[in-house]
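Enquirer: Okay, so here is my_file08.cif, and as you'll see once you scroll down, it has mmCIF, C-alpha atoms.
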```cif
data_input
loop_
_atom_site.label_atom_id
_atom_site.label_comp_id
_atom_site.auth_asym_id
_atom_site.auth_seq_id
_atom_site.Cartn_x
_atom_site.Cartn_y
_atom_site.Cartn_z
CA MET A 187 39.93 25.99 -56.17
CA LYS A 188 36.91 26.20 -58.43
CA ASP A 189 39.08 25.45 -61.43
CA ILE A 190 40.42 22.23 -59.97
CA LYS A 191 36.88 20.97 -59.34
CA GLN A 192 35.86 21.64 -62.91
CA LEU A 193 38.87 19.79 -64.16
CA SER A 194 38.11 16.75 -62.01
CA VAL A 195 34.52 16.11 -62.99
CA ASN A 196 32.44 18.06 -65.46
CA ALA A 197 29.34 19.97 -64.40
CA ILE A 198 25.93 18.55 -65.28
CA HIS A 199 22.81 20.13 -66.70
CA ASN A 200 20.09 18.37 -64.68
CA GLY A 201 20.59 15.58 -62.20
CA THR A 202 22.27 14.65 -58.93
CA VAL A 203 25.79 15.09 -57.61
CA ILE A 204 26.84 12.79 -54.79
CA ASP A 205 29.84 14.25 -53.00
CA HIS A 206 31.97 13.20 -50.01
CA ILE A 207 31.96 9.48 -50.73
CA PRO A 208 34.96 7.72 -49.13
CA ALA A 209 37.22 6.92 -52.10
CA GLN A 210 37.50 3.23 -51.19
CA ASN A 211 33.69 2.85 -51.24
CA LEU A 212 32.96 4.47 -54.60
CA PHE A 213 32.17 1.23 -56.38
CA LYS A 214 30.03 0.00 -53.50
CA VAL A 215 27.91 3.14 -53.81
CA ILE A 216 27.59 2.52 -57.55
CA THR A 217 26.45 -1.06 -56.93
CA ILE A 218 24.01 -0.22 -54.12
CA LEU A 219 22.30 2.51 -56.17
CA GLY A 220 22.30 0.29 -59.26
CA LEU A 221 24.14 2.94 -61.27
CA ASP A 222 25.85 0.22 -63.26
CA LYS A 223 22.46 -0.76 -64.66
CA ILE A 224 20.92 2.55 -65.75
CA ASN A 225 21.15 4.48 -68.98
CA SER A 226 21.93 7.93 -67.55
CA LYS A 227 25.13 9.72 -68.39
CA ILE A 228 27.40 9.27 -65.36
CA THR A 229 30.78 10.77 -64.59
CA PHE A 230 32.77 10.11 -61.48
CA GLY A 231 36.06 11.08 -59.95
CA THR A 232 37.92 9.32 -57.22
CA ASN A 233 40.96 9.85 -55.00
CA LEU A 234 40.19 13.54 -55.00
CA GLU A 235 41.70 15.53 -52.16
CA SER A 236 39.34 16.40 -49.36
CA GLN A 237 40.23 18.41 -46.27
CA ARG A 238 37.58 16.64 -44.26
CA MET A 239 38.11 13.04 -45.27
CA GLY A 240 41.48 12.65 -46.95
CA ARG A 241 40.56 11.04 -50.24
CA LYS A 242 37.04 11.26 -51.51
CA ALA A 243 35.03 10.33 -54.55
CA ILE A 244 32.26 12.18 -56.36
CA ILE A 245 29.56 10.93 -58.74
CA LYS A 246 27.52 13.04 -61.14
CA ILE A 247 24.43 11.47 -62.65
CA GLU A 248 22.59 13.20 -65.45
CA ASP A 249 18.76 13.21 -65.33
CA LYS A 250 18.48 11.10 -62.21
CA PHE A 251 16.82 12.12 -58.94
CA PHE A 252 16.66 9.92 -55.85
CA GLU A 253 14.00 9.30 -53.22
CA LYS A 254 15.07 9.69 -49.60
CA ASP A 255 14.72 5.93 -48.85
CA GLU A 256 16.71 5.07 -51.92
CA ILE A 257 19.57 7.34 -51.01
CA ASN A 258 19.71 6.24 -47.38
CA ARG A 259 20.77 2.83 -48.63
CA ILE A 260 24.26 4.20 -49.19
CA ALA A 261 24.48 5.43 -45.60
CA LEU A 262 26.30 2.25 -44.65
CA VAL A 263 29.24 2.93 -46.93
CA ALA A 264 29.09 6.71 -47.27
CA PRO A 265 27.58 8.12 -44.06
CA LEU A 266 28.91 11.64 -44.75
CA ALA A 267 27.74 11.83 -48.35
CA LYS A 268 26.10 15.05 -49.53
CA LEU A 269 23.72 15.31 -52.46
CA ASN A 270 23.27 18.33 -54.64
CA ILE A 271 20.21 18.36 -56.85
CA ILE A 272 21.00 20.23 -60.04
CA ARG A 273 18.57 21.95 -62.41
CA GLU A 274 19.85 24.09 -65.30
CA TYR A 275 23.42 23.91 -63.90
CA GLU A 276 22.29 25.35 -60.55
CA VAL A 277 22.12 23.64 -57.17
CA VAL A 278 18.46 23.80 -56.25
CA GLU A 279 18.46 21.50 -53.25
CA LYS A 280 20.93 19.80 -50.90
CA MET A 281 20.33 16.49 -49.15
CA LEU A 282 22.25 14.64 -46.45
CA VAL A 283 22.37 10.91 -46.07
CA GLU A 284 20.87 9.53 -42.87
CA VAL A 285 21.83 6.19 -41.39
CA PRO A 286 18.47 4.43 -40.89
CA GLU A 287 17.48 2.64 -37.65
CA GLU A 288 16.85 -0.58 -39.51
CA ILE A 289 17.92 -1.90 -42.87
CA SER A 290 16.74 -4.84 -44.87
CA GLY A 291 17.72 -6.50 -48.09
CA ILE A 292 21.02 -4.65 -48.65
CA VAL A 293 23.68 -6.47 -46.68
CA LYS A 294 24.31 -10.16 -46.01
CA CYS A 295 24.61 -11.43 -42.43
CA MET A 296 28.23 -12.50 -41.90
CA ASN A 297 27.21 -15.53 -39.81
CA PRO A 298 27.22 -18.59 -42.12
CA LYS A 299 24.90 -20.40 -39.67
CA CYS A 300 22.30 -17.62 -39.80
CA VAL A 301 18.87 -18.56 -41.14
CA THR A 302 19.16 -15.78 -43.76
CA ASN A 303 22.06 -17.69 -45.31
CA ASN A 304 20.29 -21.06 -45.17
CA GLU A 305 16.64 -20.43 -46.08
CA LYS A 306 14.97 -17.94 -48.43
CA VAL A 307 14.80 -15.13 -45.88
CA THR A 308 15.57 -11.45 -46.52
CA PRO A 309 18.27 -10.26 -44.13
CA ARG A 310 17.16 -7.58 -41.65
CA PHE A 311 19.32 -5.65 -39.23
CA LYS A 312 19.09 -3.11 -36.46
CA VAL A 313 21.79 -0.45 -36.78
CA VAL A 314 23.59 -0.59 -33.41
CA ASP A 315 26.40 1.85 -34.21
CA LYS A 316 25.64 4.68 -36.62
CA LYS A 317 29.12 6.17 -36.66
CA ASN A 318 31.20 3.11 -37.46
CA VAL A 319 28.09 1.41 -38.85
CA SER A 320 27.65 -1.99 -37.31
CA LEU A 321 24.56 -4.10 -37.72
CA LYS A 322 22.82 -6.56 -35.42
CA CYS A 323 21.00 -9.33 -37.26
CA HIS A 324 17.27 -9.40 -36.55
CA TYR A 325 17.40 -13.21 -36.75
CA CYS A 326 20.65 -14.67 -35.38
CA GLU A 327 21.47 -11.55 -33.28
CA LYS A 328 25.11 -11.56 -34.39
CA ILE A 329 26.94 -8.35 -35.30
CA THR A 330 28.09 -7.65 -38.84
CA ASP A 331 30.66 -4.84 -38.90
CA GLN A 332 31.82 -2.51 -41.66
CA GLU A 333 34.81 -4.71 -42.45
CA HIS A 334 32.69 -7.81 -43.11
CA MET A 335 29.80 -6.26 -44.99
CA GLU A 336 28.90 -8.03 -48.19
CA TYR A 337 26.24 -6.50 -50.38
CA LEU A 338 23.38 -8.42 -51.90
CA MET B 92 2.59 -12.95 -23.05
CA LYS B 93 -0.67 -14.33 -24.44
CA ASN B 94 -0.32 -15.51 -28.06
CA ARG B 95 3.24 -14.19 -28.19
CA SER B 96 6.21 -16.28 -29.26
CA LEU B 97 9.18 -16.67 -26.94
CA VAL B 98 12.33 -16.51 -29.04
CA SER B 99 14.89 -14.62 -26.98
CA ILE B 100 15.08 -13.83 -23.26
CA ASP B 101 15.26 -10.15 -24.27
CA ASP B 102 11.67 -10.46 -25.55
CA LEU B 103 10.53 -10.48 -21.91
CA SER B 104 10.44 -7.50 -19.57
CA LYS B 105 11.67 -7.87 -16.00
CA GLU B 106 8.04 -7.96 -14.83
CA GLU B 107 7.19 -10.73 -17.30
CA ILE B 108 10.19 -12.77 -16.14
CA LEU B 109 9.06 -12.46 -12.53
CA LYS B 110 5.52 -13.42 -13.54
CA VAL B 111 6.82 -16.64 -15.15
CA LEU B 112 8.81 -17.47 -11.99
CA ASP B 113 5.83 -16.81 -9.70
CA LEU B 114 3.59 -18.99 -11.82
CA ALA B 115 6.23 -21.75 -11.93
CA GLU B 116 6.24 -21.67 -8.13
CA GLY B 117 2.51 -22.35 -8.22
CA PHE B 118 3.02 -25.34 -10.53
CA GLU B 119 5.71 -26.71 -8.26
CA LYS B 120 3.22 -26.72 -5.36
CA ASN B 121 0.49 -28.24 -7.52
CA PRO B 122 1.86 -29.83 -10.71
CA SER B 123 -1.26 -31.76 -11.73
CA GLN B 124 -3.60 -29.10 -13.05
CA GLN B 125 -5.48 -30.22 -16.15
CA ILE B 126 -5.37 -26.82 -17.83
CA LEU B 127 -3.96 -28.04 -21.15
CA ASN B 128 -6.91 -30.37 -21.65
CA GLY B 129 -7.88 -30.40 -25.35
CA LYS B 130 -4.68 -28.59 -26.41
CA VAL B 131 -2.13 -29.99 -28.87
CA VAL B 132 1.51 -28.98 -28.49
CA ALA B 133 3.97 -29.77 -31.29
CA THR B 134 7.57 -30.47 -30.33
CA LEU B 135 9.81 -30.15 -33.38
CA PHE B 136 13.37 -31.21 -32.55
CA PHE B 137 15.59 -30.89 -35.60
CA GLU B 138 18.51 -31.58 -33.28
CA PRO B 139 18.88 -34.05 -30.41
CA SER B 140 18.08 -33.11 -26.82
CA THR B 141 17.31 -35.03 -23.64
CA ARG B 142 16.26 -32.59 -20.97
CA THR B 143 14.64 -29.86 -23.00
CA ARG B 144 12.39 -32.10 -25.06
CA LEU B 145 11.47 -34.51 -22.28
CA SER B 146 10.79 -31.75 -19.75
CA PHE B 147 8.53 -29.97 -22.23
CA GLU B 148 6.72 -33.22 -22.97
CA SER B 149 6.49 -34.06 -19.29
CA ALA B 150 5.06 -30.59 -18.60
CA VAL B 151 2.41 -30.98 -21.35
CA ASN B 152 1.45 -34.46 -20.16
CA ARG B 153 1.13 -33.44 -16.51
CA LEU B 154 -1.13 -30.55 -17.52
CA GLY B 155 -3.38 -32.86 -19.56
CA GLY B 156 -2.35 -31.75 -23.07
CA ARG B 157 -1.41 -33.92 -26.06
CA ILE B 158 1.85 -33.96 -27.98
CA ILE B 159 2.72 -34.39 -31.64
CA GLY B 160 6.16 -33.98 -33.15
CA PHE B 161 9.51 -35.54 -33.86
CA SER B 162 12.86 -35.88 -32.14
CA GLU B 163 15.00 -36.02 -35.24
CA ALA B 164 14.56 -34.43 -38.63
CA SER B 165 15.57 -37.53 -40.61
CA SER B 166 12.11 -39.09 -40.26
CA THR B 167 10.35 -36.05 -41.74
CA SER B 168 9.91 -34.25 -45.06
CA VAL B 169 12.83 -32.03 -44.09
CA SER B 170 15.02 -34.89 -45.30
CA LYS B 171 13.30 -34.51 -48.70
CA GLY B 172 14.38 -30.87 -48.81
CA GLU B 173 11.27 -29.21 -47.41
CA SER B 174 11.92 -25.62 -46.32
CA LEU B 175 11.56 -24.57 -42.69
CA LYS B 176 8.75 -22.22 -43.68
CA ASP B 177 6.69 -25.02 -45.26
CA THR B 178 7.27 -27.31 -42.27
CA ILE B 179 6.15 -24.60 -39.84
CA LEU B 180 3.09 -23.60 -41.90
CA THR B 181 2.04 -27.24 -41.97
CA VAL B 182 2.58 -28.01 -38.30
CA ALA B 183 0.86 -24.75 -37.30
CA ASN B 184 -2.30 -26.27 -38.85
CA TYR B 185 -2.13 -29.22 -36.49
CA SER B 186 -1.26 -27.59 -33.16
CA ASP B 187 -1.94 -24.76 -30.71
CA LEU B 188 1.70 -24.14 -29.89
CA ILE B 189 5.04 -25.13 -31.42
CA VAL B 190 8.15 -25.89 -29.39
CA MET B 191 11.16 -25.96 -31.72
CA ARG B 192 14.86 -26.73 -31.54
CA HIS B 193 16.85 -26.12 -34.71
CA PRO B 194 20.61 -25.97 -35.43
CA ILE B 195 20.32 -22.86 -37.63
CA GLU B 196 20.68 -19.54 -35.78
CA GLY B 197 17.72 -17.20 -36.12
CA SER B 198 15.45 -20.04 -37.25
CA ALA B 199 13.14 -19.52 -34.27
CA ARG B 200 12.65 -15.80 -34.97
CA TYR B 201 11.91 -16.64 -38.59
CA ALA B 202 9.50 -19.42 -37.61
CA SER B 203 7.67 -17.00 -35.30
CA GLU B 204 7.17 -14.65 -38.25
CA VAL B 205 5.62 -17.24 -40.55
CA SER B 206 3.71 -19.33 -38.01
CA GLY B 207 0.06 -18.78 -37.20
CA VAL B 208 0.54 -20.21 -33.70
CA PRO B 209 3.08 -19.09 -31.07
CA ILE B 210 6.60 -20.53 -31.21
CA ILE B 211 8.71 -21.36 -28.16
CA ASN B 212 12.40 -21.43 -29.00
CA ALA B 213 13.96 -24.52 -27.42
CA GLY B 214 17.41 -23.58 -28.76
CA ASP B 215 18.45 -22.19 -32.16
CA GLY B 216 22.06 -23.22 -32.68
CA ALA B 217 24.46 -21.15 -30.60
CA ASN B 218 22.00 -18.28 -30.42
CA GLN B 219 19.19 -18.38 -27.83
CA HIS B 220 17.60 -20.82 -25.39
CA PRO B 221 15.24 -18.68 -23.31
CA THR B 222 13.45 -21.45 -21.42
CA GLN B 223 16.81 -22.63 -20.07
CA THR B 224 17.49 -19.11 -18.85
CA LEU B 225 14.11 -18.93 -17.15
CA LEU B 226 14.66 -22.24 -15.36
CA ASP B 227 18.11 -21.04 -14.30
CA LEU B 228 16.54 -17.88 -12.88
CA TYR B 229 13.91 -19.97 -11.13
CA SER B 230 16.62 -22.17 -9.61
CA ILE B 231 18.63 -19.16 -8.47
CA ARG B 232 15.64 -17.44 -6.89
CA LYS B 233 14.45 -20.63 -5.25
CA THR B 234 17.82 -21.41 -3.64
CA GLN B 235 18.82 -17.84 -2.74
CA GLY B 236 15.36 -16.45 -1.89
CA LYS B 237 15.98 -13.48 -4.22
CA LEU B 238 17.51 -12.44 -7.54
CA ASP B 239 18.91 -9.05 -6.53
CA ASN B 240 22.53 -8.32 -5.53
CA LEU B 241 23.92 -11.85 -5.93
CA LYS B 242 27.44 -12.91 -6.77
CA ILE B 243 27.52 -15.31 -9.71
CA VAL B 244 30.63 -17.16 -10.87
CA MET B 245 30.51 -18.55 -14.41
CA VAL B 246 32.99 -21.30 -15.27
CA GLY B 247 34.13 -23.08 -18.44
CA ASP B 248 33.26 -22.27 -22.04
CA LEU B 249 32.14 -18.67 -21.74
CA LYS B 250 32.85 -17.90 -25.38
CA TYR B 251 30.42 -20.21 -27.15
CA GLY B 252 28.06 -21.12 -24.31
CA ARG B 253 24.68 -19.63 -25.16
CA THR B 254 23.30 -20.42 -21.69
CA VAL B 255 25.86 -18.21 -19.95
CA HIS B 256 25.29 -15.36 -22.41
CA SER B 257 21.52 -15.39 -21.93
CA LEU B 258 21.88 -15.80 -18.15
CA LEU B 259 24.26 -12.84 -18.06
CA MET B 260 21.80 -10.66 -19.99
CA ALA B 261 18.90 -11.67 -17.75
CA MET B 262 20.80 -11.38 -14.43
CA SER B 263 22.27 -8.01 -15.43
CA ARG B 264 18.83 -6.58 -14.64
CA PHE B 265 19.23 -7.59 -10.98
CA ASN B 266 22.47 -5.81 -9.97
CA THR B 267 24.52 -9.00 -10.12
CA SER B 268 28.26 -9.09 -9.58
CA PHE B 269 29.87 -11.49 -12.07
CA THR B 270 33.11 -13.46 -12.06
CA PHE B 271 34.19 -15.19 -15.29
CA ILE B 272 36.54 -18.17 -15.02
CA SER B 273 37.70 -19.76 -18.26
CA PRO B 274 40.71 -20.75 -20.32
CA LYS B 275 42.05 -17.92 -22.44
CA GLU B 276 40.59 -19.38 -25.65
CA LEU B 277 37.09 -19.46 -24.21
CA GLN B 278 36.77 -16.08 -22.50
CA MET B 279 33.51 -14.14 -22.31
CA PRO B 280 33.10 -12.25 -25.63
CA LEU B 281 33.96 -8.57 -25.63
CA GLU B 282 30.42 -7.46 -26.49
CA TYR B 283 29.09 -8.80 -23.18
CA LYS B 284 31.88 -7.21 -21.15
CA MET B 285 31.28 -3.92 -22.94
CA TYR B 286 27.60 -4.22 -22.13
CA LEU B 287 28.34 -4.70 -18.41
CA ASP B 288 30.68 -1.70 -18.48
CA LYS B 289 27.99 0.35 -20.16
CA ILE B 290 25.33 -0.40 -17.56
CA GLY B 291 27.87 0.00 -14.74
CA LEU B 292 28.01 -3.57 -13.38
CA LYS B 293 31.29 -4.84 -11.99
CA PHE B 294 32.86 -8.07 -13.16
CA LYS B 295 36.09 -9.96 -12.65
CA GLU B 296 37.87 -12.14 -15.17
CA THR B 297 40.28 -14.83 -14.00
CA SER B 298 41.52 -18.33 -14.73
CA ASP B 299 41.76 -19.62 -11.15
CA LEU B 300 38.77 -21.71 -10.07
CA ALA B 301 39.34 -22.75 -6.43
CA GLU B 302 40.17 -19.27 -5.09
CA ASN B 303 37.36 -17.46 -6.81
CA ILE B 304 34.35 -19.50 -5.73
CA LYS B 305 34.72 -18.78 -1.99
CA ASP B 306 32.42 -15.77 -1.85
CA ALA B 307 30.04 -16.94 -4.61
CA ASP B 308 26.28 -17.37 -4.16
CA ILE B 309 25.98 -19.33 -7.42
CA VAL B 310 28.66 -21.26 -9.31
CA TYR B 311 27.42 -21.85 -12.86
CA MET B 312 29.48 -24.60 -14.52
CA THR B 313 29.59 -25.32 -18.26
CA ARG B 314 31.22 -27.92 -20.44
CA VAL B 315 34.61 -27.25 -22.05
CA GLN B 316 34.35 -29.06 -25.39
CA ARG B 317 37.36 -30.49 -27.18
CA GLU B 318 36.09 -29.36 -30.59
CA ARG B 319 36.27 -25.70 -29.54
CA PHE B 320 40.07 -25.77 -29.52
CA SER B 321 42.08 -25.26 -32.70
CA ASP B 322 45.12 -26.74 -30.97
CA PRO B 323 44.45 -30.15 -29.33
CA LEU B 324 47.45 -29.63 -27.06
CA GLU B 325 45.79 -26.54 -25.59
CA TYR B 326 42.74 -28.64 -24.74
CA GLU B 327 44.87 -31.27 -23.01
CA LYS B 328 46.51 -28.52 -20.95
CA VAL B 329 43.30 -26.97 -19.68
CA LYS B 330 40.83 -29.85 -19.58
CA ASN B 331 41.47 -30.69 -15.95
CA VAL B 332 41.96 -27.14 -14.72
CA TYR B 333 38.26 -26.34 -14.78
CA VAL B 334 37.01 -29.41 -12.96
CA LEU B 335 35.02 -28.78 -9.79
CA ARG B 336 35.78 -31.24 -6.98
CA ASN B 337 34.10 -31.76 -3.65
CA GLY B 338 37.16 -30.59 -1.71
CA MET B 339 36.95 -27.17 -3.32
CA LEU B 340 33.51 -26.56 -1.82
CA GLN B 341 34.73 -26.70 1.80
CA ASP B 342 35.31 -22.97 2.32
CA THR B 343 32.40 -21.78 0.19
CA LYS B 344 29.38 -19.90 1.56
CA PRO B 345 26.64 -22.07 3.16
CA ASN B 346 23.98 -20.76 0.77
CA MET B 347 26.13 -21.44 -2.30
CA LYS B 348 24.71 -23.72 -5.00
CA VAL B 349 26.38 -25.34 -8.01
CA LEU B 350 24.33 -25.12 -11.24
CA HIS B 351 24.96 -26.73 -14.61
CA PRO B 352 22.70 -26.76 -17.69
CA LEU B 353 23.73 -30.44 -18.30
CA PRO B 354 24.83 -32.66 -19.96
CA ARG B 355 27.94 -32.79 -17.86
CA VAL B 356 31.02 -34.68 -18.99
CA ASN B 357 33.78 -34.39 -16.41
CA GLU B 358 33.76 -30.72 -15.41
CA ILE B 359 31.93 -31.54 -12.18
CA HIS B 360 33.52 -34.54 -10.51
CA THR B 361 30.94 -37.12 -9.42
CA ASP B 362 32.15 -36.70 -5.82
CA VAL B 363 30.30 -33.35 -5.81
CA ASP B 364 26.93 -35.02 -6.53
CA ASP B 365 26.17 -35.92 -2.90
CA ASN B 366 27.15 -32.52 -1.55
CA PRO B 367 24.02 -30.54 -0.58
CA LYS B 368 25.48 -27.63 -2.56
CA ALA B 369 25.09 -29.61 -5.80
CA TYR B 370 21.87 -28.39 -7.41
CA TYR B 371 22.06 -29.45 -11.08
CA PHE B 372 19.54 -32.31 -10.92
CA PRO B 373 16.88 -30.33 -9.02
CA GLN B 374 17.64 -27.58 -11.55
CA ALA B 375 16.60 -29.95 -14.35
CA LEU B 376 13.36 -30.71 -12.48
CA ASN B 377 12.66 -26.97 -12.19
CA GLY B 378 12.65 -26.98 -16.00
CA VAL B 379 9.29 -28.79 -15.92
CA TYR B 380 7.60 -26.18 -13.68
CA THR B 381 9.11 -23.28 -15.58
CA ARG B 382 7.98 -24.68 -18.94
CA MET B 383 4.49 -25.31 -17.55
CA ALA B 384 4.34 -21.64 -16.59
CA ILE B 385 5.60 -20.43 -19.99
CA MET B 386 3.09 -22.54 -21.94
CA ALA B 387 0.20 -21.58 -19.65
CA LEU B 388 0.94 -17.87 -20.11
CA ILE B 389 1.38 -18.08 -23.88
CA LEU B 390 -1.83 -20.07 -24.32
CA GLY B 391 -3.61 -17.56 -22.09
CA LEU B 392 -4.64 -20.20 -19.56
CA LYS B 393 -3.23 -18.37 -16.53
#
```
As structure tokens, what does this structure read like?

Expert:
Amino acid sequence: MKDIKQLSVNAIHNGTVIDHIPAQNLFKVITILGLDKINSKITFGTNLESQRMGRKAIIKIEDKFFEKDEINRIALVAPLAKLNIIREYEVVEKMLVEVPEEISGIVKCMNPKCVTNNEKVTPRFKVVDKKNVSLKCHYCEKITDQEHMEYL
Amino acid sequence: MKNRSLVSIDDLSKEEILKVLDLAEGFEKNPSQQILNGKVVATLFFEPSTRTRLSFESAVNRLGGRIIGFSEASSTSVSKGESLKDTILTVANYSDLIVMRHPIEGSARYASEVSGVPIINAGDGANQHPTQTLLDLYSIRKTQGKLDNLKIVMVGDLKYGRTVHSLLMAMSRFNTSFTFISPKELQMPLEYKMYLDKIGLKFKETSDLAENIKDADIVYMTRVQRERFSDPLEYEKVKNVYVLRNGMLQDTKPNMKVLHPLPRVNEIHTDVDDNPKAYYFPQALNGVYTRMAIMALILGLK
């Protein structure tokens, strides 16, 4: 088992491993965390077998450590994600993602008539369902569900 | 409620709702109290309205206040591309309270966040219209003597009608039993039915009007609009099915009243107008007392 993992994605020296990302949301996680814009060495694997979730993805980022608030931003697309903080090839800390009560500035409201899509207003939502993540707009009060989420 | 904006009916607790209704009752008994003397109320109507704007303005005038504002956006800087924020910041300089109707949903919540004076939402697109809900509650309590344990039948466009959604949310706090009567295309949205299930309130969904109003305390009619139908043939099929006629009221309960937020087109036949059970014009008058009460509470004058 250990061998297969090593074949999939190489180990890192110092940095963060994000595991248990749903395979179909890998690139959303990359966008939300801005990993496409940083200079760290990044390796990722996707469509890996997972007993718990079918197909998963994993990202390893060299020399990058996240703040809790920063990492909770991916809760919408990877609510089961687990983070391993690596120092000198050893896991020194584990973190779980928590779906926040409120989110702002990450997702667009799906209602085209909402004020956030018509004036310069940052979208804000209350998380009404943490499991299947659905969001109630603070302004127009309409629900944006997982299927219709568009990231800013 | 002092200095607070009123954006959504959910902003008010049950106690605050009852306080508004009690105060409105006082204004109905004595509508000429000069308590708004020296106050300036701005009415910003970015979208047309008859009843809401005029009843607000009538309420301000009867209480001795002054009004500034506009009834269409085309005569203002909005037509030059001014943002809503800039308009609100400007008008807040000139007034003690802003009453606003705007076609964009969520605009009232946003305005309340940037404005230095309280905002009363007089309708933000298909979203919220809390003062209509309060005047509906006032009308229901006045005609039935109570709000608890009533049977309310809602008829017409239950899908897009913001008044029925807000009324449902407000009345759900009073152990109401609901019946929804609408064409299939315009049924009550799932989220509201799920909400009623969750709080354990019973409701019935049907498409037959005449049979289902017999045990109602309140029949709340709404307009079925042609533009809501993707298939014009469907509209032609249902447009006369949801018309209330005087003959249908014969076997209804003696305390029953017919309400309608107005404007009506043809969903209540004019032969109902002279029936004592027709209450939609007095309902519109109640809007003046209710809005007096809301403004007095927000300005801290009562």

Enquirer: Any chance you could tabulate, as JSON lines, the residues of chain A at most 6 Å from chain B with each one's nearest atom pair and distance in Å to one decimal, using only C-alpha atoms, in chain and rising number order?

Expert:
```
{"residue": "A:Lys299", "atom": "CA", "partner": "B:Ile195", "partner_atom": "CA", "distance": 5.6}
{"residue": "A:Cys300", "atom": "CA", "partner": "B:Glu196", "partner_atom": "CA", "distance": 4.7}
{"residue": "A:Val301", "atom": "CA", "partner": "B:Gly197", "partner_atom": "CA", "distance": 5.3}
{"residue": "A:Tyr325", "atom": "CA", "partner": "B:Gly197", "partner_atom": "CA", "distance": 4.1}
{"residue": "A:Cys326", "atom": "CA", "partner": "B:Gly197", "partner_atom": "CA", "distance": 3.9}
```

Enquirer: Please, what distance in Å, to one decimal, runs between CA of Asn346 (chain B) and CA of Thr234 (chain B)?

Expert: 7.6 Å

Enquirer: Give me, please, the distance in Å between CA of Pro280 (chain B) and CA of Phe294 (chain B), quoted to one decimal.

Expert: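 Taking CA of Pro280 (chain B) and CA of Phe294 (chain B), their separation equals 13.2 Å.
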
Enquirer: Applied to the shown file, which residues does the PyMOL selection byres ((chain A and resi 328-338) around 12) return, written as a PyMOL selection string?

Expert: (chain A and resi 211+213-220+259-265+290-303+308-327) or (chain B and resi 196-197+217-219+280-282)

Enquirer: So which one's closest to Val182 (chain B), B:Ile231, B:Ala150, B:Val132, B:Leu226? Using all atoms listed in the file, please.

Expert: B:Val132

Enquirer: Expand the PyMOL selection byres ((chain B and resi 381) around 12) into the explicit residue set it covers here, and present it as a ChimeraX atom specification.

Expert: /B:108-119,122,143,146-147,149-151,221-230,233,374-380,382-388

Enquirer: Please determine, counting all atoms listed in the file, which residue among B:Ile304, B:Leu154, B:Ile211, B:Ile189 has the shortest atom-to-atom distance to Thr343 (chain B).

Expert: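 Smallest separation from Thr343 (chain B) among the options: B:Ile304.
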
Enquirer: Fewer than 2 positions away in the same chain doesn't count, so skip those; otherwise give me all residues within 8 Å of region 270-274 of chain A, counting all atoms listed in the file, as a list in words.

Expert: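 Once the nearby chain positions are removed, what remains is Ile198, His199, Asn200, Gly201, Thr202, Val203, Ile204, Asp205, Phe251, Lys268, Glu276, Val277, Val278, Glu279, Lys280 and Met281 of chain A.
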
Enquirer: For CA of Arg319 (chain B) and CA of Ala164 (chain B), determine how far apart the two atoms are, in Å to one decimal place.

Expert: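 Distance reported for this atom pair: 25.1 Å.
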
Enquirer: Which polymer residues have any atom within 12 Å of an atom of Glu302 (chain B), counting only C-alpha atoms, with same-chain residues fewer than 5 positions away left out, as a compact mmCIF listing (two decimals) with C-alpha atoms, keeping the file's coordinate frame?

Expert:
```txt
# COMPACT_ATOMS: atom_id res chain seq x y z
CA VAL B 244 30.63 -17.16 -10.87
CA THR B 270 33.11 -13.46 -12.06
CA ILE B 272 36.54 -18.17 -15.02
CA THR B 297 40.28 -14.83 -14.00
CA ALA B 307 30.04 -16.94 -4.61
CA LEU B 335 35.02 -28.78 -9.79
CA MET B 339 36.95 -27.17 -3.32
CA LEU B 340 33.51 -26.56 -1.82
CA GLN B 341 34.73 -26.70 1.80
CA ASP B 342 35.31 -22.97 2.32
CA THR B 343 32.40 -21.78 0.19
```

Enquirer: On this structure, the PyMOL selection byres ((chain B and resi 257) around 8) would catch which residues? List them as a list in words, sorted by chain and number.

Expert: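 Taken on the displayed file, the PyMOL selection byres ((chain B and resi 257) around 8) yields the residues Ile100, Gln219, His220, Pro221, Thr224, Arg253, Thr254, Val255, His256, Leu258, Leu259, Met260 and Ala261 of chain B.
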